[in-house]
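The structure under discussion appears below in the form of structure tokens.
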Amino acid sequence: MDLVAKRRELQDIKQRHLPELNEHLLSHGTDTKSPKTIEEIFVLPKLVYDVKYKEEKKEEKEYSLDDLCGITHDVVFFGIKESGKTLLLDRVCGELVKRYDVFGKIPVLIRFNELRNEDYETLISRFLNVPITGIDGFLQNHKVVLLIDNLSFDNTNTEKLKKLSAFLKNYQNVRLFATSLVEGEGSYPGNFLANEYISAKPASLRTFKTRQIKDLIAKCFSNIPSQNNKQNLERLLEVLKGLNLPGTPLSLSMFLWIIEQQGGYRPINQATMLENFIEKILEKHSGREIYSEQFDYRNKERLLADIAYKMNMLDNPGYKIGYTDLLTHVTGYVNARNPYLRPLSH
């Protein structure tokens, strides 16, 4: 594939996939003034890998964004829940597309928990919009980074791991860059250490510390001059430390969004903060809600709970539900429980 064709593939990724990745941000679809693109608001967590992780004496190396994009070995980043694993892959994907002239790699994003029985060649063909008849030659001749989210080493995924291993052995130009869930920060699960299929180097994705929290605060309030000054940033940092909230991007972003919306709010714990966030999203205290006798905040809350139950019962990968199925379910729910409304239809 010549340079013109390569640029066409990269442009296709930029137009078809990168805008969708911004939907992973907490700020997506809200009325926040903070940036709403991953490139603008992303804060790189502390990422380290143990050079000698199988030995007693550990030697750590910390990654920069350029390091991540320039990696020449297979690597799996282990992080706790909500530590920003998905956003990390999204950010690397965007950077590889933007700076192809520097790194010369083409990214492909895959969600491991959504995999069915497709071959990796088929998934890559679909992501890059490259004809399946030409995908073998494409992979043989171009550097591709397989960005796999939620890679799992559980015994239930043995067949998936075997298929991934065979694919990587077949295509020497393909590098694995994956994230995986771990219960405790800085540890590696035993099923990874014992697995015989994936020989990637393990690395740790750490929760935010003072440096990353400062960066996140500054970026969240970058479009609000009255908030984005040294005094306010230091004050917010002290408040966050005093609340002892989890140092995860999700918890911190949720808190900062609420602060933007209602000033000096201080949650008692993470549960009350989540409740407050949902109330703000569903506009519980909006003037319109006062007059919404037929479908108020509580109705929205119950509907979301019912949808969540439906998604759980379907047991689809990633709890996904099709748009048509969702629309049918919501229509039936509302028509059955709200006889005073005019019946909804598609």
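Residue numbering restarts at 1 for every chain of the structure tokens, chains are lettered A, B, ... in their displayed order, and ligands are numbered from 1 as they appear.
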
For stretch 139-150 of chain A, please output as a PyMOL selection string all residues within 7 Å (counting only C-alpha atoms; exclusion window: fewer than 4 positions along the same chain). chain A and resi 86+89+104-113+135+171+173-181

Residues within 10 Å of stretch 19-35 of chain A, only C-alpha atoms, excluding chain neighbours under 3 positions, as an MDAnalysis selection string: chainID A and resid 13:16 38:42 86:87 89:91 93:94 217:224 249:251 253:254 256:258 260:261 280:281

Contacts of A:Ala308 at 12 Å or less, counting only C-alpha atoms, minus same-chain residues fewer than 6 places along, as a ChimeraX atom specification? /A:301-302,314-315,318-321,326,329-330

Residues as selected, N, CA and C atoms, written as an mmCIF file, in the first residue's frame, can you do that?
```cif
data_model
loop_
_atom_site.group_PDB
_atom_site.id
_atom_site.type_symbol
_atom_site.label_atom_id
_atom_site.label_comp_id
_atom_site.auth_asym_id
_atom_site.auth_seq_id
_atom_site.Cartn_x
_atom_site.Cartn_y
_atom_site.Cartn_z
ATOM 1 N N GLU A 301 -35.732 7.594 36.761
ATOM 2 C CA GLU A 301 -34.890 6.715 37.561
ATOM 3 C C GLU A 301 -35.372 5.267 37.450
ATOM 4 N N ARG A 302 -36.680 5.067 37.564
ATOM 5 C CA ARG A 302 -37.235 3.713 37.479
ATOM 6 C C ARG A 302 -37.065 3.136 36.075
ATOM 7 N N LEU A 314 -30.483 -9.964 29.132
ATOM 8 C CA LEU A 314 -30.111 -10.353 27.771
ATOM 9 C C LEU A 314 -28.760 -11.050 27.750
ATOM 10 N N ASP A 315 -27.897 -10.676 28.693
ATOM 11 C CA ASP A 315 -26.577 -11.310 28.843
ATOM 12 C C ASP A 315 -25.737 -11.200 27.565
ATOM 13 N N GLY A 318 -20.735 -7.100 26.994
ATOM 14 C CA GLY A 318 -20.748 -5.693 27.369
ATOM 15 C C GLY A 318 -22.119 -5.172 27.744
ATOM 16 N N TYR A 319 -23.075 -6.070 28.003
ATOM 17 C CA TYR A 319 -24.459 -5.703 28.352
ATOM 18 C C TYR A 319 -25.113 -4.845 27.272
ATOM 19 N N LYS A 320 -24.725 -5.058 26.029
ATOM 20 C CA LYS A 320 -25.263 -4.231 24.953
ATOM 21 C C LYS A 320 -26.702 -4.604 24.628
ATOM 22 N N ILE A 321 -27.436 -3.582 24.145
ATOM 23 C CA ILE A 321 -28.793 -3.797 23.671
ATOM 24 C C ILE A 321 -28.957 -3.004 22.385
ATOM 25 N N LEU A 326 -34.144 -1.554 22.309
ATOM 26 C CA LEU A 326 -34.271 -0.551 23.377
ATOM 27 C C LEU A 326 -35.514 0.307 23.168
ATOM 28 N N HIS A 329 -38.605 -1.643 23.986
ATOM 29 C CA HIS A 329 -38.740 -1.849 25.425
ATOM 30 C C HIS A 329 -39.224 -0.579 26.123
ATOM 31 N N VAL A 330 -38.625 0.558 25.789
ATOM 32 C CA VAL A 330 -39.013 1.823 26.421
ATOM 33 C C VAL A 330 -40.453 2.171 26.070
#
```

For A:Gln172, which residue out of A:Thr37, A:Thr72, A:Asn316, A:Thr328 is the nearest one, using only C-alpha atoms? A:Thr72

Among listed residues A:Ala203, A:Leu193, A:Leu161, A:Val97, nearest A:Val48 (using only C-alpha atoms):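 With only C-alpha atoms as the atom set, the closest residue is A:Ala203.
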
Per residue of stretch 5-70 of chain A within 9 Å of stretch 122-130 of chain A, which atom pair is closest and at what distance in Å (one decimal), using only C-alpha atoms, listed by chain and increasing number, as a tab-separated table?
```
residue	atom	partner	partner_atom	distance
A:Glu9	CA	A:Leu128	CA	6.5
A:Leu10	CA	A:Leu128	CA	8.2
A:Asp12	CA	A:Leu128	CA	7.3
A:Ile13	CA	A:Leu128	CA	6.7
A:His17	CA	A:Phe127	CA	8.4
```

Please produce a file of those selected residues containing N, CA and C atoms, as an mmCIF file, in the first residue's frame.
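Final output, part.cif:
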```
data_model
loop_
_atom_site.group_PDB
_atom_site.id
_atom_site.type_symbol
_atom_site.label_atom_id
_atom_site.label_comp_id
_atom_site.auth_asym_id
_atom_site.auth_seq_id
_atom_site.Cartn_x
_atom_site.Cartn_y
_atom_site.Cartn_z
ATOM 1 N N GLU A 9 -6.511 5.339 4.646
ATOM 2 C CA GLU A 9 -6.950 4.474 5.740
ATOM 3 C C GLU A 9 -6.980 5.228 7.059
ATOM 4 N N LEU A 10 -5.956 6.026 7.305
ATOM 5 C CA LEU A 10 -5.893 6.797 8.553
ATOM 6 C C LEU A 10 -7.008 7.836 8.609
ATOM 7 N N ASP A 12 -9.849 7.519 7.263
ATOM 8 C CA ASP A 12 -11.078 6.769 7.506
ATOM 9 C C ASP A 12 -11.248 6.495 9.000
ATOM 10 N N ILE A 13 -10.160 6.124 9.680
ATOM 11 C CA ILE A 13 -10.218 5.916 11.134
ATOM 12 C C ILE A 13 -10.616 7.214 11.825
ATOM 13 N N HIS A 17 -14.142 6.498 13.475
ATOM 14 C CA HIS A 17 -13.966 5.947 14.822
ATOM 15 C C HIS A 17 -13.634 6.963 15.913
#
```
